[in-house]
>>> print(open('start.cif').read())   # mmCIF, C-alpha atoms and all ligand atoms
data_my_file
#
loop_
_atom_site.label_atom_id
_atom_site.label_comp_id
_atom_site.auth_asym_id
_atom_site.auth_seq_id
_atom_site.Cartn_x
_atom_site.Cartn_y
_atom_site.Cartn_z
CA MET A 66 -8.99 32.57 -26.34
CA MET A 67 -12.22 34.39 -25.51
CA GLU A 68 -14.29 32.67 -22.87
CA THR A 69 -17.90 32.12 -23.82
CA ASN A 70 -20.64 32.06 -21.22
CA GLU A 71 -21.38 28.47 -22.09
CA LYS A 72 -19.63 26.44 -19.44
CA ARG A 73 -17.34 23.79 -20.70
CA GLN A 74 -17.44 20.46 -18.86
CA VAL A 75 -14.28 18.42 -18.44
CA TYR A 76 -14.53 15.22 -16.42
CA LEU A 77 -11.20 14.07 -14.99
CA ASP A 78 -12.39 11.76 -12.22
CA TYR A 79 -12.75 8.39 -13.95
CA ALA A 80 -11.39 6.64 -10.85
CA ALA A 81 -14.40 7.89 -8.88
CA THR A 82 -16.86 6.64 -11.45
CA THR A 83 -17.40 6.46 -15.20
CA PRO A 84 -20.36 7.32 -17.40
CA VAL A 85 -22.43 4.36 -18.55
CA LYS A 86 -21.62 3.72 -22.22
CA PRO A 87 -24.57 3.93 -24.63
CA GLU A 88 -24.09 0.27 -25.65
CA VAL A 89 -24.27 -0.71 -21.97
CA LEU A 90 -27.44 1.27 -21.34
CA GLU A 91 -29.00 -0.21 -24.47
CA ALA A 92 -28.28 -3.73 -23.25
CA MET A 93 -29.77 -2.94 -19.83
CA LEU A 94 -33.01 -1.22 -20.79
CA PRO A 95 -35.10 -4.27 -21.79
CA TYR A 96 -34.46 -5.78 -18.35
CA PHE A 97 -36.35 -2.95 -16.68
CA THR A 98 -39.38 -3.25 -18.92
CA GLU A 99 -40.28 -6.23 -21.11
CA ASN A 100 -37.78 -8.72 -19.57
CA TYR A 101 -38.57 -7.88 -15.96
CA GLY A 102 -38.88 -11.47 -14.71
CA ASN A 103 -37.33 -12.73 -11.49
CA PRO A 104 -34.48 -15.11 -12.41
CA SER A 105 -35.71 -17.53 -9.72
CA SER A 106 -39.12 -17.92 -11.38
CA LEU A 107 -39.60 -21.08 -13.35
CA TYR A 108 -41.72 -19.72 -16.21
CA THR A 109 -40.22 -18.31 -19.39
CA LEU A 110 -40.08 -14.66 -18.30
CA GLY A 111 -38.00 -15.64 -15.27
CA GLN A 112 -35.82 -18.04 -17.20
CA ASN A 113 -35.04 -15.34 -19.77
CA ALA A 114 -33.71 -13.18 -16.96
CA LYS A 115 -31.76 -16.16 -15.62
CA SER A 116 -30.10 -16.79 -18.94
CA ALA A 117 -29.18 -13.08 -19.17
CA LEU A 118 -27.41 -13.45 -15.81
CA GLY A 119 -25.54 -16.46 -17.16
CA GLU A 120 -24.44 -14.56 -20.22
CA ALA A 121 -23.23 -11.61 -18.14
CA ARG A 122 -21.37 -13.96 -15.80
CA GLY A 123 -19.58 -15.46 -18.80
CA LYS A 124 -18.51 -12.02 -20.02
CA VAL A 125 -17.14 -10.90 -16.65
CA ALA A 126 -15.38 -14.27 -16.28
CA GLU A 127 -13.80 -13.91 -19.70
CA LEU A 128 -12.35 -10.48 -18.86
CA ILE A 129 -10.39 -11.97 -15.95
CA GLY A 130 -9.64 -15.46 -17.28
CA ALA A 131 -12.01 -17.18 -14.82
CA LEU A 132 -14.70 -19.82 -15.19
CA PRO A 133 -18.25 -18.40 -15.17
CA ALA A 134 -19.04 -20.45 -12.05
CA GLU A 135 -16.26 -18.61 -10.21
CA VAL A 136 -17.96 -15.19 -10.57
CA PHE A 137 -20.50 -14.15 -7.89
CA PHE A 138 -22.40 -10.92 -8.38
CA THR A 139 -22.70 -8.51 -5.44
CA GLY A 140 -24.21 -5.09 -4.81
CA SER A 141 -20.86 -3.24 -5.04
CA GLY A 142 -17.11 -3.54 -4.92
CA THR A 143 -17.40 -2.67 -1.24
CA GLU A 144 -19.62 -5.67 -0.62
CA ALA A 145 -17.20 -7.95 -2.47
CA ASP A 146 -14.34 -6.69 -0.26
CA ASN A 147 -16.36 -7.10 2.95
CA TRP A 148 -17.49 -10.58 1.95
CA ALA A 149 -14.00 -11.83 1.09
CA VAL A 150 -12.25 -10.41 4.11
CA ILE A 151 -14.76 -10.69 6.93
CA GLU A 152 -16.23 -14.02 5.89
CA THR A 153 -12.82 -15.61 5.32
CA GLY A 154 -11.78 -14.37 8.76
CA ILE A 155 -14.77 -16.04 10.39
CA TRP A 156 -14.66 -19.15 8.21
CA LYS A 157 -10.98 -19.84 8.90
CA SER A 158 -10.94 -18.75 12.55
CA GLY A 159 -10.41 -22.35 13.67
CA LYS A 160 -6.96 -22.19 12.07
CA GLY A 161 -6.07 -18.69 13.26
CA ARG A 162 -7.27 -15.14 13.70
CA HIS A 163 -4.56 -13.14 11.94
CA ILE A 164 -5.16 -11.23 8.70
CA ILE A 165 -2.70 -9.13 6.71
CA THR A 166 -3.50 -6.17 4.52
CA SER A 167 -1.78 -2.88 3.64
CA ARG A 168 -1.99 0.70 4.86
CA ILE A 169 -3.07 2.01 1.46
CA GLU A 170 -6.20 -0.11 0.91
CA HIS A 171 -9.57 1.39 0.12
CA HIS A 172 -11.75 2.03 3.15
CA ALA A 173 -13.92 -0.94 2.15
CA LEU A 174 -10.96 -3.01 3.26
CA LEU A 175 -9.46 -0.89 6.05
CA HIS A 176 -12.79 -0.47 7.81
CA SER A 177 -13.60 -4.18 7.47
CA GLY A 178 -10.40 -4.67 9.43
CA LYS A 179 -10.63 -1.84 11.95
CA GLU A 180 -14.36 -1.66 12.50
CA TYR A 181 -15.25 -5.32 12.27
CA LEU A 182 -12.44 -7.84 12.50
CA GLU A 183 -10.41 -6.08 15.19
CA LYS A 184 -13.52 -5.52 17.29
CA GLU A 185 -14.26 -9.24 17.02
CA GLY A 186 -10.84 -10.05 18.42
CA PHE A 187 -8.96 -10.66 15.17
CA GLU A 188 -5.46 -9.32 14.77
CA VAL A 189 -4.92 -7.33 11.60
CA THR A 190 -1.48 -6.32 10.32
CA TYR A 191 -1.41 -3.26 8.06
CA LEU A 192 1.77 -3.50 6.01
CA PRO A 193 3.67 -0.31 5.22
CA VAL A 194 4.50 0.67 1.65
CA ASP A 195 7.57 2.29 0.12
CA GLU A 196 7.65 5.89 -1.13
CA GLU A 197 6.08 4.86 -4.45
CA GLY A 198 3.32 2.90 -2.77
CA PHE A 199 4.61 -0.65 -3.25
CA VAL A 200 4.09 -3.37 -0.66
CA ARG A 201 7.42 -5.14 -0.32
CA VAL A 202 7.21 -8.91 -0.77
CA SER A 203 9.83 -9.28 1.98
CA ASP A 204 7.63 -7.33 4.42
CA LEU A 205 4.75 -9.66 3.66
CA ALA A 206 6.95 -12.73 4.05
CA ASN A 207 8.10 -11.44 7.47
CA ALA A 208 4.55 -10.70 8.62
CA LEU A 209 3.10 -14.09 7.66
CA ARG A 210 2.54 -16.45 10.61
CA ASP A 211 1.12 -19.91 11.14
CA ASP A 212 -2.15 -18.36 12.26
CA THR A 213 -2.45 -16.03 9.24
CA THR A 214 -5.52 -17.06 7.28
CA LEU A 215 -5.83 -14.31 4.69
CA VAL A 216 -3.73 -11.71 2.93
CA SER A 217 -5.55 -8.91 1.12
CA ILE A 218 -3.56 -6.48 -1.02
CA MET A 219 -5.17 -4.21 -3.58
CA PHE A 220 -4.26 -4.67 -7.24
CA ALA A 221 -3.92 -0.97 -8.04
CA ASN A 222 -4.35 1.99 -5.75
CA ASN A 223 -7.30 4.31 -6.32
CA GLU A 224 -5.43 7.49 -5.31
CA ILE A 225 -1.90 7.17 -6.65
CA GLY A 226 -2.38 4.38 -9.20
CA THR A 227 0.49 2.16 -8.03
CA ILE A 228 0.12 -1.40 -9.36
CA GLN A 229 1.26 -4.08 -6.92
CA PRO A 230 3.22 -7.25 -7.81
CA ILE A 231 0.12 -9.36 -7.11
CA GLY A 232 1.49 -12.67 -8.43
CA GLU A 233 4.53 -12.51 -6.15
CA LEU A 234 2.54 -11.38 -3.10
CA CYS A 235 0.02 -14.14 -3.69
CA ALA A 236 2.77 -16.77 -4.00
CA ALA A 237 4.30 -15.59 -0.70
CA ALA A 238 0.92 -15.92 1.05
CA HIS A 239 0.28 -19.38 -0.39
CA GLU A 240 3.71 -20.55 0.66
CA ARG A 241 2.62 -20.03 4.26
CA GLY A 242 -0.82 -21.53 3.76
CA ALA A 243 -2.80 -18.26 3.72
CA LEU A 244 -5.52 -17.45 1.21
CA PHE A 245 -5.08 -14.36 -0.99
CA HIS A 246 -7.61 -11.66 -1.89
CA THR A 247 -7.07 -8.67 -4.13
CA ASP A 248 -9.28 -5.63 -4.59
CA ALA A 249 -9.14 -5.13 -8.36
CA VAL A 250 -11.82 -2.44 -8.52
CA GLN A 251 -9.41 0.07 -10.07
CA ALA A 252 -7.42 -2.46 -12.09
CA LEU A 253 -10.35 -4.04 -13.91
CA GLY A 254 -10.63 -2.77 -17.47
CA ASN A 255 -7.40 -0.79 -17.06
CA LEU A 256 -4.91 -3.67 -17.05
CA PRO A 257 -4.82 -7.18 -18.47
CA ILE A 258 -5.88 -9.51 -15.63
CA ASN A 259 -5.74 -13.28 -15.55
CA VAL A 260 -6.72 -14.77 -12.21
CA LYS A 261 -5.31 -18.17 -13.12
CA GLU A 262 -1.87 -16.77 -13.88
CA LEU A 263 -1.94 -14.67 -10.71
CA GLY A 264 -3.18 -17.56 -8.58
CA VAL A 265 -5.44 -15.40 -6.37
CA ASP A 266 -8.24 -17.01 -4.38
CA PHE A 267 -10.56 -13.99 -4.36
CA MET A 268 -10.82 -10.82 -6.40
CA SER A 269 -13.22 -7.87 -6.02
CA MET A 270 -14.64 -5.94 -8.97
CA SER A 271 -17.10 -3.13 -9.56
CA ALA A 272 -19.12 -2.26 -12.69
CA HIS A 273 -19.22 1.51 -12.36
CA LYS A 274 -15.48 1.91 -12.82
CA ILE A 275 -15.63 0.26 -16.27
CA TYR A 276 -18.47 2.26 -17.87
CA GLY A 277 -21.15 0.07 -16.30
CA PRO A 278 -23.84 0.97 -13.76
CA LYS A 279 -23.37 1.80 -10.09
CA GLY A 280 -24.49 -0.63 -7.42
CA VAL A 281 -23.18 -3.81 -9.06
CA GLY A 282 -20.00 -5.64 -8.22
CA ALA A 283 -18.62 -9.15 -8.25
CA LEU A 284 -16.36 -11.39 -6.25
CA TYR A 285 -14.23 -13.95 -8.04
CA ILE A 286 -13.89 -17.04 -5.85
CA LYS A 287 -11.47 -19.69 -7.07
CA ARG A 288 -13.05 -23.08 -7.73
CA GLY A 289 -12.57 -25.33 -4.71
CA VAL A 290 -12.37 -22.43 -2.23
CA ASN A 291 -15.66 -22.83 -0.45
CA LEU A 292 -16.12 -19.38 1.05
CA PRO A 293 -19.50 -19.34 2.80
CA GLY A 294 -22.15 -16.81 1.85
CA TYR A 295 -22.26 -13.40 3.48
CA MET A 296 -25.87 -12.48 2.79
CA HIS A 297 -28.43 -14.94 4.09
CA GLY A 298 -31.75 -15.71 2.44
CA GLY A 299 -32.61 -17.25 -0.92
CA ALA A 300 -30.46 -19.55 -3.00
CA GLN A 301 -29.31 -16.98 -5.54
CA GLU A 302 -25.72 -17.02 -6.83
CA SER A 303 -25.38 -20.78 -6.22
CA GLY A 304 -26.55 -20.26 -2.65
CA ARG A 305 -23.66 -17.94 -1.84
CA ARG A 306 -25.19 -14.47 -2.18
CA ALA A 307 -28.84 -14.23 -1.25
CA GLY A 308 -31.10 -11.50 -2.64
CA THR A 309 -32.96 -11.13 -5.91
CA GLU A 310 -30.37 -10.25 -8.50
CA ASN A 311 -30.05 -6.75 -9.99
CA VAL A 312 -30.68 -8.20 -13.43
CA ALA A 313 -30.44 -5.00 -15.48
CA GLY A 314 -27.34 -3.92 -13.54
CA ILE A 315 -25.67 -7.29 -14.00
CA VAL A 316 -26.50 -7.29 -17.72
CA GLY A 317 -24.88 -3.84 -17.87
CA PHE A 318 -21.82 -5.13 -16.02
CA GLY A 319 -21.55 -7.99 -18.51
CA ARG A 320 -21.77 -5.70 -21.53
CA ALA A 321 -19.28 -3.25 -19.97
CA ALA A 322 -16.86 -6.14 -19.31
CA GLU A 323 -17.25 -7.34 -22.89
CA LEU A 324 -16.46 -3.86 -24.24
CA ALA A 325 -13.57 -3.46 -21.81
CA GLY A 326 -12.06 -6.71 -23.09
CA GLN A 327 -12.52 -5.73 -26.74
CA ASN A 328 -11.02 -2.26 -26.25
CA LEU A 329 -8.41 -3.04 -23.61
CA GLU A 330 -5.28 -2.40 -25.66
CA SER A 331 -6.47 0.84 -27.25
CA HIS A 332 -7.94 2.04 -23.94
CA ILE A 333 -4.60 1.49 -22.17
CA GLU A 334 -2.59 3.10 -24.93
CA LYS A 335 -4.81 6.17 -25.20
CA SER A 336 -5.05 6.64 -21.42
CA ARG A 337 -1.29 6.33 -21.05
CA GLU A 338 -0.66 8.90 -23.74
CA LEU A 339 -3.01 11.39 -22.11
CA ARG A 340 -1.63 10.66 -18.64
CA ASP A 341 1.95 11.19 -19.78
CA TYR A 342 1.03 14.35 -21.67
CA LEU A 343 -0.58 15.77 -18.53
CA ILE A 344 2.37 14.80 -16.34
CA LYS A 345 4.83 16.34 -18.80
CA ARG A 346 3.00 19.64 -19.07
CA LEU A 347 2.42 19.88 -15.31
CA THR A 348 6.06 19.18 -14.59
CA ASN A 349 7.31 21.63 -17.21
CA GLU A 350 4.91 24.45 -16.56
CA ILE A 351 4.05 24.54 -12.85
CA PRO A 352 6.87 24.97 -10.31
CA ASP A 353 6.99 23.29 -6.88
CA ILE A 354 4.92 20.23 -7.60
CA ARG A 355 5.48 16.55 -6.98
CA ILE A 356 3.98 13.61 -8.88
CA ASN A 357 3.00 10.96 -6.32
CA GLY A 358 3.24 7.22 -6.96
CA SER A 359 5.33 5.13 -9.32
CA MET A 360 6.29 6.29 -12.79
CA GLU A 361 6.73 2.73 -14.05
CA SER A 362 4.02 0.61 -12.49
CA ARG A 363 1.07 2.97 -12.55
CA LEU A 364 -2.53 2.80 -13.75
CA PRO A 365 -2.70 4.12 -17.30
CA GLY A 366 -5.14 6.94 -16.46
CA ASN A 367 -3.84 8.18 -13.09
CA VAL A 368 -2.04 11.41 -12.27
CA ASN A 369 -1.70 12.36 -8.59
CA VAL A 370 0.09 15.60 -7.96
CA THR A 371 0.98 17.71 -4.93
CA PHE A 372 0.97 21.49 -5.39
CA LYS A 373 3.10 22.86 -2.59
CA TYR A 374 1.94 25.77 -0.39
CA ILE A 375 -1.77 25.55 -1.30
CA GLU A 376 -4.91 23.57 -0.44
CA GLY A 377 -6.23 20.89 -2.80
CA GLU A 378 -9.82 21.80 -1.94
CA ALA A 379 -9.26 25.37 -3.09
CA ILE A 380 -7.81 24.15 -6.39
CA LEU A 381 -10.73 21.75 -6.77
CA LEU A 382 -13.26 24.54 -6.28
CA LEU A 383 -11.57 26.90 -8.74
CA LEU A 384 -11.40 24.12 -11.33
CA ASP A 385 -15.03 23.24 -10.67
CA MET A 386 -15.95 26.86 -11.41
CA ALA A 387 -14.31 26.32 -14.79
CA GLY A 388 -16.38 23.13 -15.30
CA ILE A 389 -13.51 20.75 -14.54
CA SER A 390 -14.12 17.78 -12.20
CA VAL A 391 -11.13 16.43 -10.27
CA SER A 392 -10.66 14.87 -6.87
CA THR A 393 -8.67 15.40 -3.70
CA GLY A 394 -7.93 11.95 -2.35
CA SER A 395 -10.55 9.31 -3.00
CA ALA A 396 -14.17 10.30 -3.60
CA CYS A 397 -15.36 8.63 -0.43
CA SER A 398 -12.88 10.38 1.85
CA SER A 399 -12.71 13.73 0.08
CA ALA A 400 -15.56 15.10 2.16
CA SER A 401 -13.35 14.83 5.24
CA LEU A 402 -10.44 17.07 6.11
CA GLU A 403 -8.29 14.17 7.22
CA PRO A 404 -5.12 13.96 5.14
CA SER A 405 -5.18 11.05 2.72
CA HIS A 406 -4.03 7.85 4.41
CA VAL A 407 -2.40 6.81 1.13
CA LEU A 408 -0.29 9.95 0.80
CA GLN A 409 0.64 9.68 4.47
CA ALA A 410 1.71 6.06 3.95
CA ILE A 411 4.06 7.02 1.10
CA GLY A 412 5.59 9.73 3.25
CA VAL A 413 4.09 12.92 1.84
CA PRO A 414 4.30 15.43 4.70
CA THR A 415 0.84 16.20 6.17
CA GLY A 416 0.92 19.85 5.10
CA GLU A 417 1.75 18.94 1.53
CA SER A 418 -0.77 16.12 1.29
CA HIS A 419 -3.51 18.74 1.68
CA GLY A 420 -2.34 20.24 -1.59
CA SER A 421 -2.81 17.09 -3.63
CA ILE A 422 -5.14 16.54 -6.55
CA ARG A 423 -5.98 13.34 -8.43
CA PHE A 424 -6.68 13.62 -12.14
CA THR A 425 -7.94 10.45 -13.84
CA VAL A 426 -8.50 10.28 -17.57
CA GLY A 427 -10.73 7.87 -19.49
CA ASP A 428 -12.35 6.99 -22.78
CA TYR A 429 -13.99 10.36 -23.36
CA THR A 430 -10.99 12.52 -22.39
CA THR A 431 -9.34 14.51 -25.18
CA LYS A 432 -6.00 16.29 -25.40
CA ASP A 433 -7.98 19.48 -25.79
CA ASP A 434 -9.62 18.81 -22.40
CA LEU A 435 -6.17 18.59 -20.86
CA ASP A 436 -4.97 21.79 -22.54
CA TYR A 437 -8.01 23.59 -21.16
CA THR A 438 -7.41 22.09 -17.71
CA ILE A 439 -3.75 23.09 -17.64
CA GLU A 440 -4.62 26.63 -18.62
CA LYS A 441 -7.17 26.87 -15.77
CA LEU A 442 -4.92 25.05 -13.35
CA LYS A 443 -1.97 27.36 -13.93
CA ALA A 444 -4.18 30.36 -13.23
CA ALA A 445 -5.66 28.72 -10.11
CA VAL A 446 -2.28 27.74 -8.68
CA GLU A 447 -0.83 31.18 -9.34
CA LYS A 448 -3.80 32.89 -7.72
CA LEU A 449 -3.78 30.66 -4.64
CA ARG A 450 -0.03 30.90 -4.18
CA SER A 451 -0.21 34.67 -4.38
CA ILE A 452 -2.38 34.67 -1.23
CA SER A 453 -0.80 31.66 0.49
CA SER A 454 0.47 32.19 4.02
CA LEU A 455 2.92 29.32 3.50
CA LEU A 456 5.00 31.27 1.00
N1 LIG A 501 -12.04 -0.56 -3.90
C1 LIG A 501 -11.43 0.41 -4.59
C2 LIG A 501 -9.97 0.33 -4.82
C3 LIG A 501 -12.17 1.49 -5.07
O1 LIG A 501 -11.56 2.47 -5.74
C4 LIG A 501 -13.56 1.53 -4.82
C5 LIG A 501 -14.38 2.69 -5.26
O2 LIG A 501 -13.94 3.82 -5.28
C6 LIG A 501 -14.14 0.47 -4.11
C7 LIG A 501 -13.35 -0.55 -3.64
C8 LIG A 501 -15.59 0.44 -3.81
O3 LIG A 501 -16.35 0.05 -4.93
P1 LIG A 501 -17.90 0.39 -4.96
O4 LIG A 501 -18.00 1.85 -5.27
O5 LIG A 501 -18.45 -0.46 -6.07
O6 LIG A 501 -18.46 0.03 -3.64
#
>>> encode(input="start.cif", output="structure tokens", more="lines below")
Ligand code: PLP
Amino acid sequence: MMETNEKRQVYLDYAATTPVKPEVLEAMLPYFTENYGNPSSLYTLGQNAKSALGEARGKVAELIGALPAEVFFTGSGTEADNWAVIETGIWKSGKGRHIITSRIEHHALLHSGKEYLEKEGFEVTYLPVDEEGFVRVSDLANALRDDTTLVSIMFANNEIGTIQPIGELCAAAHERGALFHTDAVQALGNLPINVKELGVDFMSMSAHKIYGPKGVGALYIKRGVNLPGYMHGGAQESGRRAGTENVAGIVGFGRAAELAGQNLESHIEKSRELRDYLIKRLTNEIPDIRINGSMESRLPGNVNVTFKYIEGEAILLLLDMAGISVSTGSACSSASLEPSHVLQAIGVPTGESHGSIRFTVGDYTTKDDLDYTIEKLKAAVEKLRSISSLL
């Protein structure tokens, strides 16, 4: 096929962020202009904004099987993680100062542990994972102690897509009297989630991974679990998260959650088909690669692949020149040259982990996009291997 000068754009980084859907933007716009009231104001303009918050809360709650009063809006998924983990640590420190998480968590979690809790004298256990990225329930059971107050294990991993057995892990934590938090930022909108069936006490979410705006998240807090507030100030969010609400952003989150619920089955099916098509063609057509993560319990849109003997960054740049956006590791850590902590945890040798790329498909991905990507990828891999000193 003749290349035209017009650059084609193929976005394959839906785990980093998603475009805001037109329906979401449409729902948000009036809250910047005519409905600009502060939800804490008592006159009609303010009360209109307040009722929009209530409606959005109901929609997010419905997506996860929660009560609206159990959903607390935050400024990001990161804030929800920090709130749940740090504040629970402090709140329950009379009972004990031991917290358990895993080695493959997002940095929002890992750094809450390393850079805050550990410095404050808490003990944090980082559970290992197996070669597919699963936390073993038996490892958790062995690590739980009388002074463990919280267990935090992510629902689905942002790099390799492995989906954890959250219900079982949560039951093991509860059996020993510990609370359970899960970071569901990547799982939301990509898997059916029911917090009541899972039994979790806390769950973090983020709007921009489900075709909503950036800078809006939420923490589910089970009714009866009286986690204190993390931000201090006004009485917003039932007194638990101070700060004037991001009304337009929250309205967008609500609409995105509503759409995610309505389209969940078709979204999962379509993403899976594209994911499996990409995996099949990669495996059949490019030698010396390895698909990282689990083949069975994996996010529907995730493909993480190691190309031996070459650097992921070089592949990324060549693909970018062809208008294709992919990621090496997670977006937040890809600016660093440190090997991915997730790939290290599943045992990918350091040299090889540098040659790993994450492709994530979503609602606007087409099979044609993948055909174009494979064509460019094959050329990039061949070119880089031809000059690789490792071969
Ligand atoms: N947790 C996971 C698993 C993520 O993938 C991300 C974002 O990449 C976050 C937390 C942070 O969410 P936010 O970007 O809303 O702060």
>>> residues_near_ligand(input="start.cif", ligand="ligand LIG 501 (chain A)", cutoff="7 Å", atoms="only C-alpha atoms and all ligand atoms", output="PyMOL selection string")
chain A and resi 80-81+141-144+170-171+173+219+221-223+248-251+271-273+279-282+395-397
>>> residues_around(input="start.cif", residues="segment 207-213 of chain A", least_positions_apart="5", cutoff="10 Å", atoms="all atoms listed in the file", output="list of chain:residue names")
A:Gly154, A:Lys157, A:Ser158, A:Gly159, A:Lys160, A:Gly161, A:Arg162, A:His163, A:Ile164, A:Ile165, A:Glu188, A:Val189, A:Thr190, A:Tyr191, A:Leu192, A:Val202, A:Ala237, A:Ala238, A:Glu240, A:Arg241, A:Gly242, A:Ala243, A:Leu244
>>> atom_distance(input="start.cif", atom1="atom CA of Val136 of chain A", atom2="atom CA of Leu118 of chain A")
10.9 Å
>>> atom_distance(input="start.cif", atom1="atom CA of Leu175 of chain A", atom2="atom CA of Thr227 of chain A")
17.5 Å
>>> residues_around(input="start.cif", residues="Glu310 of chain A", least_positions_apart="6", cutoff="10 Å", atoms="only C-alpha atoms", output="PyMOL selection string")
chain A and resi 103-105+114-115+118+138-140+281+301-302
>>> atom_distance(input="start.cif", atom1="atom CA of Gly102 of chain A", atom2="atom CA of Asp146 of chain A")
28.9 Å
>>> residues_around(input="start.cif", residues="Leu234 of chain A", least_positions_apart="6", cutoff="9 Å", atoms="all atoms listed in the file", output="MDAnalysis selection string")
chainID A and resid 200:202 205:206 216 218 245
>>> decode(input="start.cif", residues="segment 95-110 of chain A", atoms="N, CA, C and O atoms", output="PDB file, in the first residue's frame")
ATOM      1  N   PRO A  95     -22.809  22.325  30.227  1.00  0.00           N
ATOM      2  CA  PRO A  95     -23.643  23.327  30.927  1.00  0.00           C
ATOM      3  C   PRO A  95     -23.132  23.657  32.331  1.00  0.00           C
ATOM      4  O   PRO A  95     -23.429  24.735  32.853  1.00  0.00           O
ATOM      5  N   TYR A  96     -22.346  22.754  32.915  1.00  0.00           N
ATOM      6  CA  TYR A  96     -21.878  22.996  34.292  1.00  0.00           C
ATOM      7  C   TYR A  96     -20.651  23.907  34.351  1.00  0.00           C
ATOM      8  O   TYR A  96     -20.198  24.281  35.428  1.00  0.00           O
ATOM      9  N   PHE A  97     -20.145  24.277  33.171  1.00  0.00           N
ATOM     10  CA  PHE A  97     -19.100  25.304  33.132  1.00  0.00           C
ATOM     11  C   PHE A  97     -19.719  26.687  32.944  1.00  0.00           C
ATOM     12  O   PHE A  97     -19.128  27.690  33.291  1.00  0.00           O
ATOM     13  N   THR A  98     -20.892  26.701  32.311  1.00  0.00           N
ATOM     14  CA  THR A  98     -21.443  28.000  31.894  1.00  0.00           C
ATOM     15  C   THR A  98     -22.731  28.326  32.652  1.00  0.00           C
ATOM     16  O   THR A  98     -22.671  28.857  33.752  1.00  0.00           O
ATOM     17  N   GLU A  99     -23.893  27.907  32.124  1.00  0.00           N
ATOM     18  CA  GLU A  99     -25.126  28.371  32.793  1.00  0.00           C
ATOM     19  C   GLU A  99     -25.367  27.769  34.181  1.00  0.00           C
ATOM     20  O   GLU A  99     -25.910  28.427  35.057  1.00  0.00           O
ATOM     21  N   ASN A 100     -24.923  26.517  34.406  1.00  0.00           N
ATOM     22  CA  ASN A 100     -25.148  25.886  35.729  1.00  0.00           C
ATOM     23  C   ASN A 100     -23.874  25.906  36.556  1.00  0.00           C
ATOM     24  O   ASN A 100     -23.422  24.881  37.038  1.00  0.00           O
ATOM     25  N   TYR A 101     -23.313  27.075  36.739  1.00  0.00           N
ATOM     26  CA  TYR A 101     -21.988  27.182  37.366  1.00  0.00           C
ATOM     27  C   TYR A 101     -22.040  27.294  38.893  1.00  0.00           C
ATOM     28  O   TYR A 101     -21.025  27.513  39.537  1.00  0.00           O
ATOM     29  N   GLY A 102     -23.212  27.128  39.478  1.00  0.00           N
ATOM     30  CA  GLY A 102     -23.350  27.347  40.924  1.00  0.00           C
ATOM     31  C   GLY A 102     -22.470  26.441  41.768  1.00  0.00           C
ATOM     32  O   GLY A 102     -22.036  25.371  41.325  1.00  0.00           O
ATOM     33  N   ASN A 103     -22.208  26.917  42.985  1.00  0.00           N
ATOM     34  CA  ASN A 103     -21.464  26.110  43.964  1.00  0.00           C
ATOM     35  C   ASN A 103     -22.473  25.205  44.673  1.00  0.00           C
ATOM     36  O   ASN A 103     -23.457  25.694  45.226  1.00  0.00           O
ATOM     37  N   PRO A 104     -22.254  23.897  44.670  1.00  0.00           N
ATOM     38  CA  PRO A 104     -23.243  22.982  45.266  1.00  0.00           C
ATOM     39  C   PRO A 104     -23.527  23.266  46.741  1.00  0.00           C
ATOM     40  O   PRO A 104     -24.540  22.805  47.270  1.00  0.00           O
ATOM     41  N   SER A 105     -22.639  24.024  47.412  1.00  0.00           N
ATOM     42  CA  SER A 105     -22.897  24.326  48.825  1.00  0.00           C
ATOM     43  C   SER A 105     -23.797  25.561  48.994  1.00  0.00           C
ATOM     44  O   SER A 105     -24.204  25.865  50.113  1.00  0.00           O
ATOM     45  N   SER A 106     -24.078  26.270  47.907  1.00  0.00           N
ATOM     46  CA  SER A 106     -24.922  27.464  48.016  1.00  0.00           C
ATOM     47  C   SER A 106     -26.392  27.065  48.117  1.00  0.00           C
ATOM     48  O   SER A 106     -26.830  26.118  47.465  1.00  0.00           O
ATOM     49  N   LEU A 107     -27.109  27.844  48.896  1.00  0.00           N
ATOM     50  CA  LEU A 107     -28.483  27.430  49.198  1.00  0.00           C
ATOM     51  C   LEU A 107     -29.508  27.860  48.156  1.00  0.00           C
ATOM     52  O   LEU A 107     -30.622  27.365  48.147  1.00  0.00           O
ATOM     53  N   TYR A 108     -29.141  28.837  47.299  1.00  0.00           N
ATOM     54  CA  TYR A 108     -30.114  29.288  46.292  1.00  0.00           C
ATOM     55  C   TYR A 108     -30.164  28.283  45.144  1.00  0.00           C
ATOM     56  O   TYR A 108     -29.338  27.355  45.070  1.00  0.00           O
ATOM     57  N   THR A 109     -31.125  28.513  44.242  1.00  0.00           N
ATOM     58  CA  THR A 109     -31.426  27.522  43.203  1.00  0.00           C
ATOM     59  C   THR A 109     -30.213  27.133  42.347  1.00  0.00           C
ATOM     60  O   THR A 109     -30.012  25.947  42.071  1.00  0.00           O
ATOM     61  N   LEU A 110     -29.429  28.134  41.955  1.00  0.00           N
ATOM     62  CA  LEU A 110     -28.278  27.827  41.087  1.00  0.00           C
ATOM     63  C   LEU A 110     -27.344  26.803  41.753  1.00  0.00           C
ATOM     64  O   LEU A 110     -26.844  25.877  41.111  1.00  0.00           O
TER      65      LEU A 110
END
